[in-house]
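Next up, model_28.pdb (PDB, C-alpha atoms, pLDDT in the B column):
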ATOM      1  CA  MET U   1     290.454  64.291  51.934  1.00 53.00           C
ATOM      2  CA  ALA U   2     288.227  62.689  54.556  1.00 62.00           C
ATOM      3  CA  ALA U   3     287.162  64.894  57.450  1.00 73.00           C
ATOM      4  CA  THR U   4     289.271  64.414  60.528  1.00 95.00           C
ATOM      5  CA  ASN U   5     287.747  62.815  63.579  1.00 96.00           C
ATOM      6  CA  MET U   6     287.964  66.171  65.332  1.00 95.00           C
ATOM      7  CA  LYS U   7     286.052  67.866  62.512  1.00 96.00           C
ATOM      8  CA  GLN U   8     283.458  65.088  62.619  1.00 96.00           C
ATOM      9  CA  ALA U   9     283.082  65.523  66.380  1.00 97.00           C
ATOM     10  CA  GLN U  10     282.755  69.286  66.011  1.00 96.00           C
ATOM     11  CA  GLU U  11     280.089  68.784  63.347  1.00 96.00           C
ATOM     12  CA  LEU U  12     278.280  66.174  65.464  1.00 97.00           C
ATOM     13  CA  PHE U  13     278.368  68.438  68.522  1.00 97.00           C
ATOM     14  CA  PHE U  14     277.834  71.870  67.020  1.00 96.00           C
ATOM     15  CA  GLY U  15     276.903  71.521  63.316  1.00 95.00           C
ATOM     16  CA  LYS U  16     273.564  72.603  61.847  1.00 94.00           C
ATOM     17  CA  ASP U  17     272.014  69.162  62.356  1.00 95.00           C
ATOM     18  CA  GLY U  18     274.191  68.272  65.326  1.00 96.00           C
ATOM     19  CA  LEU U  19     273.442  67.745  68.996  1.00 97.00           C
ATOM     20  CA  ALA U  20     273.753  71.448  69.917  1.00 96.00           C
ATOM     21  CA  VAL U  21     276.044  70.459  72.775  1.00 96.00           C
ATOM     22  CA  ASN U  22     276.082  72.834  75.722  1.00 94.00           C
ATOM     23  CA  ASN U  23     278.440  70.775  77.867  1.00 94.00           C
ATOM     24  CA  PHE U  24     280.860  67.923  77.306  1.00 96.00           C
ATOM     25  CA  LYS U  25     283.451  66.475  79.658  1.00 94.00           C
ATOM     26  CA  LEU U  26     285.690  63.455  79.543  1.00 93.00           C
ATOM     27  CA  PHE U  27     287.283  60.810  81.742  1.00 95.00           C
ATOM     28  CA  PRO U  28     290.536  59.994  79.961  1.00 92.00           C
ATOM     29  CA  GLY U  29     291.787  56.492  79.327  1.00 94.00           C
ATOM     30  CA  SER U  30     294.918  54.729  80.511  1.00 92.00           C
ATOM     31  CA  GLU U  31     297.103  55.441  77.468  1.00 90.00           C
ATOM     32  CA  ARG U  32     299.116  58.602  77.972  1.00 83.00           C
ATOM     33  CA  ASP U  33     300.322  58.949  74.394  1.00 87.00           C
ATOM     34  CA  ILE U  34     296.846  59.417  73.032  1.00 90.00           C
ATOM     35  CA  THR U  35     296.014  62.073  70.457  1.00 93.00           C
ATOM     36  CA  PRO U  36     293.015  64.420  70.286  1.00 94.00           C
ATOM     37  CA  GLU U  37     292.124  62.671  67.015  1.00 95.00           C
ATOM     38  CA  GLU U  38     291.938  59.304  68.750  1.00 95.00           C
ATOM     39  CA  ILE U  39     289.795  60.664  71.567  1.00 96.00           C
ATOM     40  CA  ALA U  40     287.470  62.318  69.053  1.00 97.00           C
ATOM     41  CA  GLU U  41     287.227  59.058  67.099  1.00 97.00           C
ATOM     42  CA  GLU U  42     286.274  57.205  70.277  1.00 97.00           C
ATOM     43  CA  ILE U  43     283.555  59.699  71.208  1.00 98.00           C
ATOM     44  CA  ASN U  44     282.105  59.767  67.681  1.00 98.00           C
ATOM     45  CA  ALA U  45     281.933  55.971  67.633  1.00 98.00           C
ATOM     46  CA  SER U  46     280.368  55.799  71.092  1.00 98.00           C
ATOM     47  CA  ILE U  47     277.570  58.212  70.220  1.00 98.00           C
ATOM     48  CA  ARG U  48     276.911  56.298  67.003  1.00 97.00           C
ATOM     49  CA  ARG U  49     276.685  53.031  68.958  1.00 98.00           C
ATOM     50  CA  ILE U  50     274.206  54.515  71.420  1.00 98.00           C
ATOM     51  CA  GLU U  51     272.083  55.843  68.566  1.00 97.00           C
ATOM     52  CA  ALA U  52     272.222  52.421  66.899  1.00 96.00           C
ATOM     53  CA  GLY U  53     271.094  50.606  70.037  1.00 96.00           C
ATOM     54  CA  GLN U  54     274.480  48.962  70.549  1.00 97.00           C
ATOM     55  CA  ALA U  55     274.925  50.230  74.136  1.00 98.00           C
ATOM     56  CA  GLU U  56     272.851  49.549  77.235  1.00 98.00           C
ATOM     57  CA  GLN U  57     270.981  52.196  79.155  1.00 97.00           C
ATOM     58  CA  ILE U  58     271.067  51.301  82.845  1.00 97.00           C
ATOM     59  CA  GLU U  59     269.916  52.717  86.165  1.00 96.00           C
ATOM     60  CA  PHE U  60     272.187  54.537  88.550  1.00 94.00           C
TER      61      PHE U  60
ATOM     62  CA  MET D   1     271.842  73.391  94.927  1.00 57.00           C
ATOM     63  CA  SER D   2     275.547  73.046  95.356  1.00 91.00           C
ATOM     64  CA  TYR D   3     278.339  70.580  95.783  1.00 96.00           C
ATOM     65  CA  ALA D   4     278.549  71.558  99.466  1.00 97.00           C
ATOM     66  CA  ASN D   5     275.121  69.990 100.031  1.00 97.00           C
ATOM     67  CA  LEU D   6     276.146  66.752  98.345  1.00 97.00           C
ATOM     68  CA  TYR D   7     279.446  66.687 100.181  1.00 97.00           C
ATOM     69  CA  GLY D   8     277.638  67.110 103.500  1.00 97.00           C
ATOM     70  CA  HIS D   9     275.267  64.286 102.622  1.00 97.00           C
ATOM     71  CA  CYS D  10     278.126  61.968 101.746  1.00 97.00           C
ATOM     72  CA  GLN D  11     279.889  62.596 105.053  1.00 96.00           C
ATOM     73  CA  ALA D  12     277.120  60.720 106.836  1.00 93.00           C
ATOM     74  CA  GLN D  13     277.349  57.668 104.560  1.00 96.00           C
ATOM     75  CA  ARG D  14     278.900  54.346 105.319  1.00 95.00           C
ATOM     76  CA  ILE D  15     281.612  53.189 102.960  1.00 96.00           C
ATOM     77  CA  PRO D  16     281.612  52.188 100.232  1.00 97.00           C
ATOM     78  CA  VAL D  17     279.478  55.137  99.117  1.00 97.00           C
ATOM     79  CA  GLY D  18     277.430  53.849  96.208  1.00 95.00           C
ATOM     80  CA  ARG D  19     276.878  55.714  92.979  1.00 96.00           C
ATOM     81  CA  LYS D  20     273.136  55.435  93.622  1.00 97.00           C
ATOM     82  CA  VAL D  21     273.521  57.342  96.901  1.00 97.00           C
ATOM     83  CA  VAL D  22     275.157  60.179  94.981  1.00 98.00           C
ATOM     84  CA  ALA D  23     272.745  60.060  92.035  1.00 98.00           C
ATOM     85  CA  ASP D  24     269.613  59.907  94.221  1.00 97.00           C
ATOM     86  CA  TYR D  25     270.734  62.955  96.184  1.00 97.00           C
ATOM     87  CA  LEU D  26     271.551  64.927  93.036  1.00 97.00           C
ATOM     88  CA  PHE D  27     268.221  64.085  91.399  1.00 97.00           C
ATOM     89  CA  ASP D  28     265.783  63.777  94.306  1.00 96.00           C
ATOM     90  CA  VAL D  29     267.108  66.313  96.816  1.00 96.00           C
ATOM     91  CA  LEU D  30     269.015  68.872  94.749  1.00 95.00           C
ATOM     92  CA  HIS D  31     266.631  68.425  91.787  1.00 95.00           C
ATOM     93  CA  LEU D  32     269.391  68.501  89.233  1.00 96.00           C
ATOM     94  CA  PRO D  33     268.488  67.034  85.818  1.00 96.00           C
ATOM     95  CA  ARG D  34     267.977  63.268  86.011  1.00 96.00           C
ATOM     96  CA  ALA D  35     270.868  62.243  83.773  1.00 97.00           C
ATOM     97  CA  LYS D  36     270.734  59.082  81.684  1.00 98.00           C
ATOM     98  CA  LEU D  37     273.426  56.425  82.139  1.00 98.00           C
ATOM     99  CA  TRP D  38     274.831  54.260  79.348  1.00 98.00           C
ATOM    100  CA  ARG D  39     277.288  51.370  79.384  1.00 98.00           C
ATOM    101  CA  ASP D  40     279.156  51.305  76.106  1.00 98.00           C
ATOM    102  CA  GLY D  41     282.065  49.601  74.391  1.00 98.00           C
ATOM    103  CA  LEU D  42     284.515  52.488  74.830  1.00 98.00           C
ATOM    104  CA  ASN D  43     288.184  51.602  74.457  1.00 98.00           C
ATOM    105  CA  THR D  44     289.546  52.366  77.931  1.00 97.00           C
ATOM    106  CA  ASP D  45     293.016  53.003  76.551  1.00 96.00           C
ATOM    107  CA  ARG D  46     291.490  56.139  75.062  1.00 96.00           C
ATOM    108  CA  VAL D  47     288.398  57.105  77.076  1.00 96.00           C
ATOM    109  CA  ARG D  48     286.884  55.642  80.246  1.00 97.00           C
ATOM    110  CA  GLY D  49     283.729  57.722  80.173  1.00 97.00           C
ATOM    111  CA  TYR D  50     282.178  61.053  79.292  1.00 98.00           C
ATOM    112  CA  TYR D  51     279.409  63.505  80.079  1.00 97.00           C
ATOM    113  CA  ILE D  52     277.429  65.162  77.325  1.00 97.00           C
ATOM    114  CA  SER D  53     274.428  67.413  77.200  1.00 96.00           C
ATOM    115  CA  GLY D  54     272.753  68.501  73.955  1.00 96.00           C
ATOM    116  CA  LYS D  55     269.796  70.744  73.233  1.00 95.00           C
ATOM    117  CA  ASN D  56     268.794  69.854  69.662  1.00 97.00           C
ATOM    118  CA  THR D  57     265.558  67.958  70.261  1.00 96.00           C
ATOM    119  CA  ASN D  58     265.429  67.004  66.562  1.00 96.00           C
ATOM    120  CA  HIS D  59     268.567  64.911  66.991  1.00 97.00           C
ATOM    121  CA  ARG D  60     268.046  61.195  67.604  1.00 96.00           C
ATOM    122  CA  PHE D  61     270.588  61.011  70.424  1.00 97.00           C
ATOM    123  CA  VAL D  62     268.993  63.920  72.285  1.00 97.00           C
ATOM    124  CA  GLN D  63     265.538  62.401  71.756  1.00 97.00           C
ATOM    125  CA  GLN D  64     266.718  59.006  73.014  1.00 96.00           C
ATOM    126  CA  ASN D  65     267.780  60.659  76.234  1.00 97.00           C
ATOM    127  CA  GLY D  66     264.732  62.848  76.691  1.00 97.00           C
ATOM    128  CA  GLY D  67     266.839  65.980  76.313  1.00 96.00           C
ATOM    129  CA  LEU D  68     268.615  65.139  79.581  1.00 97.00           C
ATOM    130  CA  PRO D  69     272.361  65.068  80.253  1.00 97.00           C
ATOM    131  CA  VAL D  70     274.056  61.761  79.498  1.00 98.00           C
ATOM    132  CA  VAL D  71     276.818  59.868  81.319  1.00 98.00           C
ATOM    133  CA  VAL D  72     278.563  57.097  79.399  1.00 98.00           C
ATOM    134  CA  PHE D  73     281.091  54.673  80.862  1.00 98.00           C
ATOM    135  CA  ALA D  74     283.137  51.856  79.415  1.00 98.00           C
ATOM    136  CA  ARG D  75     281.702  48.353  79.674  1.00 98.00           C
ATOM    137  CA  THR D  76     285.071  46.805  80.510  1.00 98.00           C
ATOM    138  CA  LEU D  77     285.695  48.895  83.642  1.00 98.00           C
ATOM    139  CA  ASP D  78     285.482  46.984  86.911  1.00 97.00           C
ATOM    140  CA  ASP D  79     283.017  48.080  89.616  1.00 96.00           C
ATOM    141  CA  ASN D  80     285.482  50.370  91.401  1.00 97.00           C
ATOM    142  CA  TRP D  81     286.485  52.143  88.234  1.00 97.00           C
ATOM    143  CA  SER D  82     282.951  52.457  86.916  1.00 97.00           C
ATOM    144  CA  ARG D  83     281.729  53.934  90.223  1.00 97.00           C
ATOM    145  CA  PHE D  84     284.502  56.498  90.192  1.00 97.00           C
ATOM    146  CA  VAL D  85     284.018  57.417  86.535  1.00 97.00           C
ATOM    147  CA  ILE D  86     280.237  57.722  86.914  1.00 98.00           C
ATOM    148  CA  VAL D  87     280.429  59.826  90.082  1.00 98.00           C
ATOM    149  CA  LYS D  88     283.102  62.075  88.558  1.00 97.00           C
ATOM    150  CA  GLU D  89     281.001  62.641  85.446  1.00 97.00           C
ATOM    151  CA  LEU D  90     277.890  63.311  87.543  1.00 97.00           C
ATOM    152  CA  MET D  91     279.763  66.199  89.164  1.00 97.00           C
ATOM    153  CA  HIS D  92     279.408  68.059  85.860  1.00 96.00           C
ATOM    154  CA  LEU D  93     275.747  68.560  86.692  1.00 96.00           C
ATOM    155  CA  PHE D  94     277.152  71.342  88.894  1.00 95.00           C
ATOM    156  CA  ASP D  95     279.004  73.027  86.015  1.00 92.00           C
ATOM    157  CA  ASP D  96     278.030  76.632  85.491  1.00 85.00           C
ATOM    158  CA  PRO D  97     277.961  78.034  81.941  1.00 80.00           C
ATOM    159  CA  PHE D  98     281.424  79.517  82.390  1.00 79.00           C
ATOM    160  CA  HIS D  99     282.871  76.052  82.987  1.00 81.00           C
ATOM    161  CA  SER D 100     280.773  74.292  80.375  1.00 84.00           C
ATOM    162  CA  LEU D 101     281.837  73.560  76.835  1.00 84.00           C
ATOM    163  CA  GLY D 102     279.786  74.815  73.931  1.00 86.00           C
ATOM    164  CA  SER D 103     281.811  75.563  70.797  1.00 91.00           C
ATOM    165  CA  PRO D 104     284.101  73.772  68.302  1.00 92.00           C
ATOM    166  CA  PRO D 105     287.282  75.569  69.457  1.00 91.00           C
ATOM    167  CA  GLU D 106     286.509  74.669  73.071  1.00 90.00           C
ATOM    168  CA  LEU D 107     286.163  70.990  72.141  1.00 91.00           C
ATOM    169  CA  ASP D 108     289.451  71.082  70.262  1.00 90.00           C
ATOM    170  CA  ALA D 109     291.125  72.845  73.208  1.00 88.00           C
ATOM    171  CA  LEU D 110     289.813  70.381  75.797  1.00 88.00           C
ATOM    172  CA  LEU D 111     290.891  67.266  73.891  1.00 89.00           C
ATOM    173  CA  THR D 112     294.257  68.864  73.198  1.00 87.00           C
ATOM    174  CA  GLU D 113     294.737  69.731  76.863  1.00 85.00           C
ATOM    175  CA  PHE D 114     294.094  66.114  77.812  1.00 83.00           C
ATOM    176  CA  THR D 115     296.914  65.019  75.584  1.00 83.00           C
ATOM    177  CA  SER D 116     299.468  67.794  75.734  1.00 74.00           C
ATOM    178  CA  GLY D 117     300.285  68.413  79.372  1.00 66.00           C
ATOM    179  CA  LEU D 118     300.869  72.084  78.584  1.00 65.00           C
ATOM    180  CA  PRO D 119     300.507  74.461  81.508  1.00 61.00           C
ATOM    181  CA  HIS D 120     297.678  76.522  80.018  1.00 67.00           C
ATOM    182  CA  ARG D 121     294.243  75.344  81.079  1.00 73.00           C
ATOM    183  CA  SER D 122     290.807  76.272  79.814  1.00 82.00           C
ATOM    184  CA  THR D 123     287.844  76.799  82.126  1.00 83.00           C
ATOM    185  CA  ALA D 124     286.483  73.477  80.863  1.00 84.00           C
ATOM    186  CA  MET D 125     289.688  71.777  82.000  1.00 84.00           C
ATOM    187  CA  ASP D 126     289.408  73.462  85.401  1.00 86.00           C
ATOM    188  CA  SER D 127     286.008  71.839  85.711  1.00 86.00           C
ATOM    189  CA  GLU D 128     287.518  68.457  84.810  1.00 87.00           C
ATOM    190  CA  ILE D 129     290.036  68.785  87.600  1.00 90.00           C
ATOM    191  CA  ASP D 130     287.476  70.008  90.132  1.00 92.00           C
ATOM    192  CA  SER D 131     285.163  67.107  89.319  1.00 95.00           C
ATOM    193  CA  PHE D 132     287.910  64.613  90.114  1.00 96.00           C
ATOM    194  CA  TRP D 133     288.372  66.017  93.632  1.00 96.00           C
ATOM    195  CA  MET D 134     284.624  66.386  94.090  1.00 97.00           C
ATOM    196  CA  ALA D 135     284.192  62.680  93.349  1.00 97.00           C
ATOM    197  CA  LEU D 136     286.909  61.746  95.842  1.00 97.00           C
ATOM    198  CA  GLY D 137     285.245  63.960  98.462  1.00 97.00           C
ATOM    199  CA  CYS D 138     281.966  62.086  97.957  1.00 97.00           C
ATOM    200  CA  LEU D 139     283.405  58.588  97.976  1.00 98.00           C
ATOM    201  CA  CYS D 140     285.613  59.009 101.052  1.00 97.00           C
ATOM    202  CA  PRO D 141     283.914  60.727 104.009  1.00 97.00           C
ATOM    203  CA  GLU D 142     286.377  62.946 105.876  1.00 97.00           C
ATOM    204  CA  GLY D 143     286.176  61.030 109.166  1.00 96.00           C
ATOM    205  CA  MET D 144     287.030  57.834 107.367  1.00 96.00           C
ATOM    206  CA  ARG D 145     289.812  59.579 105.456  1.00 97.00           C
ATOM    207  CA  GLN D 146     291.422  60.704 108.696  1.00 97.00           C
ATOM    208  CA  GLU D 147     291.194  57.210 110.173  1.00 97.00           C
ATOM    209  CA  MET D 148     292.741  55.783 107.045  1.00 98.00           C
ATOM    210  CA  GLN D 149     295.475  58.403 107.071  1.00 97.00           C
ATOM    211  CA  GLN D 150     296.549  57.100 110.483  1.00 97.00           C
ATOM    212  CA  ALA D 151     296.398  53.491 109.337  1.00 97.00           C
ATOM    213  CA  ARG D 152     298.031  54.051 105.950  1.00 97.00           C
ATOM    214  CA  GLY D 153     301.376  52.372 105.751  1.00 92.00           C
ATOM    215  CA  VAL D 154     300.921  50.911 109.234  1.00 96.00           C
ATOM    216  CA  SER D 155     297.987  48.525 109.122  1.00 97.00           C
ATOM    217  CA  MET D 156     296.555  49.400 105.720  1.00 97.00           C
ATOM    218  CA  SER D 157     298.113  49.458 102.285  1.00 98.00           C
ATOM    219  CA  ASP D 158     296.780  51.630  99.481  1.00 98.00           C
ATOM    220  CA  SER D 159     295.189  48.502  98.036  1.00 97.00           C
ATOM    221  CA  ASP D 160     293.417  47.866 101.354  1.00 98.00           C
ATOM    222  CA  ILE D 161     292.115  51.435 101.390  1.00 98.00           C
ATOM    223  CA  ALA D 162     290.972  51.174  97.782  1.00 98.00           C
ATOM    224  CA  ALA D 163     289.187  47.920  98.583  1.00 97.00           C
ATOM    225  CA  ARG D 164     287.344  49.482 101.542  1.00 97.00           C
ATOM    226  CA  LEU D 165     286.304  52.567  99.599  1.00 98.00           C
ATOM    227  CA  GLU D 166     285.824  50.618  96.368  1.00 97.00           C
ATOM    228  CA  ILE D 167     287.725  53.161  94.295  1.00 97.00           C
ATOM    229  CA  PRO D 168     290.668  52.656  91.901  1.00 97.00           C
ATOM    230  CA  THR D 169     293.883  52.087  93.866  1.00 97.00           C
ATOM    231  CA  GLN D 170     295.753  54.677  91.796  1.00 95.00           C
ATOM    232  CA  TYR D 171     293.630  57.466  93.306  1.00 96.00           C
ATOM    233  CA  VAL D 172     294.248  56.543  96.947  1.00 97.00           C
ATOM    234  CA  PRO D 173     297.414  58.696  97.206  1.00 96.00           C
ATOM    235  CA  HIS D 174     295.365  61.715  96.114  1.00 96.00           C
ATOM    236  CA  LEU D 175     293.245  61.349  99.255  1.00 97.00           C
ATOM    237  CA  PHE D 176     296.318  61.901 101.391  1.00 97.00           C
ATOM    238  CA  THR D 177     298.034  64.650  99.503  1.00 96.00           C
ATOM    239  CA  PRO D 178     298.731  67.514 101.950  1.00 95.00           C
ATOM    240  CA  THR D 179     296.474  69.868  99.987  1.00 96.00           C
ATOM    241  CA  PHE D 180     293.441  67.558  99.981  1.00 96.00           C
ATOM    242  CA  LYS D 181     291.564  69.386 102.729  1.00 96.00           C
ATOM    243  CA  ASN D 182     292.287  72.786 101.190  1.00 96.00           C
ATOM    244  CA  ILE D 183     291.053  71.645  97.798  1.00 96.00           C
ATOM    245  CA  ILE D 184     287.813  70.308  99.275  1.00 97.00           C
ATOM    246  CA  SER D 185     287.392  73.450 101.408  1.00 96.00           C
ATOM    247  CA  GLU D 186     287.523  75.577  98.278  1.00 95.00           C
ATOM    248  CA  LEU D 187     285.032  73.346  96.507  1.00 96.00           C
ATOM    249  CA  ILE D 188     282.495  73.561  99.334  1.00 96.00           C
ATOM    250  CA  ALA D 189     283.066  77.259 100.053  1.00 92.00           C
TER     251      ALA D 189
END

Please express what this file holds, its structure, as structure tokens.
Amino acid sequence: MAATNMKQAQELFFGKDGLAVNNFKLFPGSERDITPEEIAEEINASIRRIEAGQAEQIEF
Amino acid sequence: MSYANLYGHCQAQRIPVGRKVVADYLFDVLHLPRAKLWRDGLNTDRVRGYYISGKNTNHRFVQQNGGLPVVVFARTLDDNWSRFVIVKELMHLFDDPFHSLGSPPELDALLTEFTSGLPHRSTAMDSEIDSFWMALGCLCPEGMRQEMQQARGVSMSDSDIAARLEIPTQYVPHLFTPTFKNIISELIA
């Protein structure tokens, strides 16, 4: 069985070769009936896009 | 190095208070870590933005960001929404270790709390709620808030107020909730 998005996020954040996250916070989206799995999927994908150069770093 | 300093600084600003005003004060005056900002293709049905800080300097993402905290916001947000999301996430630079998030069960708990509406709240969720009010306190100086309170429903609609402050209209009512001043007082105490 494929790892759940939550498991993937936990591995990405805290796994042996992960980010070693010491803080993470979230601004939720507009859909109220969202699941933790869907949020985790969104975060995993976002971090992958940044790593792959598919997001823009900008100034404040 | 506290929110009270930032709040005081924002009181003297003209509206709309820009995200750069907030960021410059956090980085240049309070000397908090100079977070990196990314605009990304997040699906705003699910997530409008997030704050993340990692310590593994062997990881590409941490290296890309110089080991600094990271704020990410959704590319499709309009200017008012993106300002609010960015300022709210920047407030997590004030998080103390007790209100941070640093383990798999805490991540699971936080994402579950966002979706469950159950009464129990983790310390990480407390920080989420605080950061929302902290952002409002920065983006609407108290003098202006009181003026707008008088005008609200008389000469100004919530949309007018949102347009002046350049914040999402749906958060305008929060500015005028009877407990607003008490909440801010606790945050700057």

For the file shown, report as a PyMOL selection string the outcome of the PyMOL selection byres ((chain D) within 7 of (chain U)) at residue level. chain D and resi 19-20+23+37-40+42+44-56+59-62+85+100-104+111-112+115+128

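Reported to one decimal place, the separation of CA of Ala74 in chain D from CA of Leu175 in chain D is 24.2 Å.
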
Measure the distance from CA of Gln149 in chain D to CA of Phe176 in chain D in Å and round it to one decimal. 6.7 Å

Report as number ranges by chain the full result of the PyMOL selection byres ((chain D and resi 21) around 12) when it is applied to this structure. U: 60; D: 6-7, 9-20, 22-29, 83, 87, 90, 138-139

One decimal, Å: what's the distance from CA of Ala4 in chain D over to CA of Lys88 in chain D, could you say? 15.2 Å

Take the PyMOL selection byres ((chain D and resi 69) around 7), apply it to the structure above, and return the hits as a tab-separated table (two decimals) with C-alpha atoms, in the frame of the given file.
chain	number	residue	atom	x	y	z
D	35	ALA	CA	270.87	62.24	83.77
D	36	LYS	CA	270.73	59.08	81.68
D	52	ILE	CA	277.43	65.16	77.32
D	53	SER	CA	274.43	67.41	77.20
D	67	GLY	CA	266.84	65.98	76.31
D	68	LEU	CA	268.62	65.14	79.58
D	70	VAL	CA	274.06	61.76	79.50
D	71	VAL	CA	276.82	59.87	81.32

Take every atom of range 128-136 of chain D listed in the file, fit an axis-aligned box around them, add 6 Å per side, and give the centre and edge lengths in Å to one decimal as AutoDock Vina command-line options.
--center_x 287.1 --center_y 65.9 --center_z 90.3 --size_x 17.8 --size_y 20.3 --size_z 23.0

Taking 4 positions as the minimum chain separation for residues in the same chain, which residues sit within 12 Å of Ala163 in chain D when counting all atoms listed in the file? Answer as a PyMOL selection string. chain D and resi 15-16+79-81+140+156-159+167-172

Write a file for range 19-30 of chain U of the given structure; include C-alpha atoms and format it as an mmCIF file, in the first residue's frame.
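Output below, filename selection-v2.cif:
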data_model
loop_
_atom_site.group_PDB
_atom_site.id
_atom_site.type_symbol
_atom_site.label_atom_id
_atom_site.label_comp_id
_atom_site.auth_asym_id
_atom_site.auth_seq_id
_atom_site.Cartn_x
_atom_site.Cartn_y
_atom_site.Cartn_z
ATOM 1 C CA LEU U 19 14.036 18.717 6.720
ATOM 2 C CA ALA U 20 14.354 18.355 10.517
ATOM 3 C CA VAL U 21 11.433 20.746 10.906
ATOM 4 C CA ASN U 22 11.372 22.723 14.133
ATOM 5 C CA ASN U 23 8.289 24.769 13.292
ATOM 6 C CA PHE U 24 5.462 24.551 10.789
ATOM 7 C CA LYS U 25 2.246 26.545 10.619
ATOM 8 C CA LEU U 26 -0.522 26.832 8.089
ATOM 9 C CA PHE U 27 -3.003 29.289 6.616
ATOM 10 C CA PRO U 28 -5.984 27.124 5.698
ATOM 11 C CA GLY U 29 -7.812 27.316 2.404
ATOM 12 C CA SER U 30 -11.404 28.202 1.613
#
